Amino acid sequence: MNQSFEKALRSDETINKISSFFDLDNLCLKKPNKNEKRIRYLVARETCKHKTSGYCFEVVVTIWNKCKKACKIHCHPQFTYYQCISGSFKINTYECIDPKNKVVRKTGTFILKKGESFCSVAKENCYGHAIHDVRSLEKGSIMAHGYSNDASLAPDDYKIQDVSINPT
């Protein structure tokens with residue numbers, strides 16, 4: 001993906017246009033019960049002939065309870081966009097250090113607040129990008145997601161690198 005396209009995707013103007021598509025007041029979405037971490041709603045999916053699944057993009061809205069633990073470490077397709085609609089989220093990012101065994105190393109942490117977004121654009125059209133976990137910091141937090149493919153096909157069985165030191 002060329003740099004000018006990636007820069008355009010990350011521009012404030014583009015982010016505002018994308019977030020304006022989400023009129024959550026008119027979607028009538030129920031909130032998760034106390035035993036659920038989140039509820040995931042598929043809002044839109046565009047189909048086309050594609051090597052991986054048959055979708056060209058997917059838009060999802062999730063409504064979360066406050067979580068003590070993050071969801072599983074997982075990845076996404078080539079393009080991933082998160083927009084915090086309400087509440088706040090803690091996101092840990094990772095890099096894969098052993099693809100065969102799906103071992104990752106933590107690279108950072110950030111808080112995504114209302115109106116803020118996170119975007120990841122990779123060079124290759126495959127899964128394994130934007131490896132992260134998410135934890136809602138507030139009950140009723142809402143996040144909009146945009147993906148370049150079916151996000152449910154992305155692996156979610158990564159393991160964190162063991163950083164313990166073995167005594168000699």
# chains A, B, ... in the order shown; residues from 1 in each chain; ligands from 1
>>> residues_around(residues="Gly87 in chain A", least_positions_apart="4", cutoff="8 Å", atoms="only C-alpha atoms", output="list of chain:residue names")
A:Lys113, A:Lys114, A:Ser136, A:Leu137, A:Glu138, A:Lys139, A:Gly140, A:Ser141, A:Ile142
>>> closest_atom_pairs(of="range 78-119 of chain A", to="range 146-156 of chain A", cutoff="9 Å", atoms="only C-alpha atoms", output="Markdown table")
| residue | atom | partner | partner_atom | distance |
| --- | --- | --- | --- | --- |
| A:Gln78 | CA | A:Ser148 | CA | 6.2 |
| A:Phe79 | CA | A:Ser148 | CA | 5.0 |
| A:Thr80 | CA | A:Tyr147 | CA | 4.8 |
| A:Tyr81 | CA | A:Gly146 | CA | 4.9 |
| A:Tyr82 | CA | A:Gly146 | CA | 6.6 |
| A:Gln83 | CA | A:Gly146 | CA | 8.6 |
>>> atom_distance(atom1="CA of Arg105 in chain A", atom2="CA of Ile73 in chain A")
10.9 Å
>>> residues_around(residues="Asp98 in chain A", least_positions_apart="3", cutoff="10 Å", atoms="only C-alpha atoms", output="short mmCIF file (atom, residue, chain, number, x, y, z; two decimals) with C-alpha atoms, in the first residue's frame")
data_model
loop_
_atom_site.label_atom_id
_atom_site.label_comp_id
_atom_site.auth_asym_id
_atom_site.auth_seq_id
_atom_site.Cartn_x
_atom_site.Cartn_y
_atom_site.Cartn_z
CA GLU A 95 4.58 -8.16 17.41
CA ASN A 101 4.15 -21.13 17.16
CA LYS A 102 2.23 -17.81 17.26
CA VAL A 103 4.43 -16.34 19.98
CA VAL A 104 4.22 -12.57 20.45
CA ARG A 105 6.04 -9.88 22.39
CA TYR A 158 -1.36 -16.16 20.20
CA LYS A 159 0.89 -16.76 23.20
CA GLN A 161 6.71 -14.68 25.04
#
>>> atom_distance(atom1="CA of Pro77 in chain A", atom2="CA of Lys31 in chain A")
26.8 Å
>>> closest_residue(among="A:Ala130, A:Asn65, A:His145, A:Glu46", to="Cys84 in chain A", atoms="only C-alpha atoms")
A:His145
>>> closest_residue(among="A:Ala144, A:Leu112, A:Ile85, A:Val134", to="Lys69 in chain A", atoms="only C-alpha atoms")
A:Val134
>>> select_by_dssp(residues="range 87-127 of chain A", states="strand (DSSP E)", output="number ranges by chain")
A: 88-98, 103-113, 117-121
>>> atom_distance(atom1="CA of His129 in chain A", atom2="CA of Met143 in chain A")
18.9 Å
>>> closest_residue(among="A:Thr109, A:Thr62, A:Asn92, A:Ser117", to="Leu42 in chain A", atoms="only C-alpha atoms")
A:Thr62
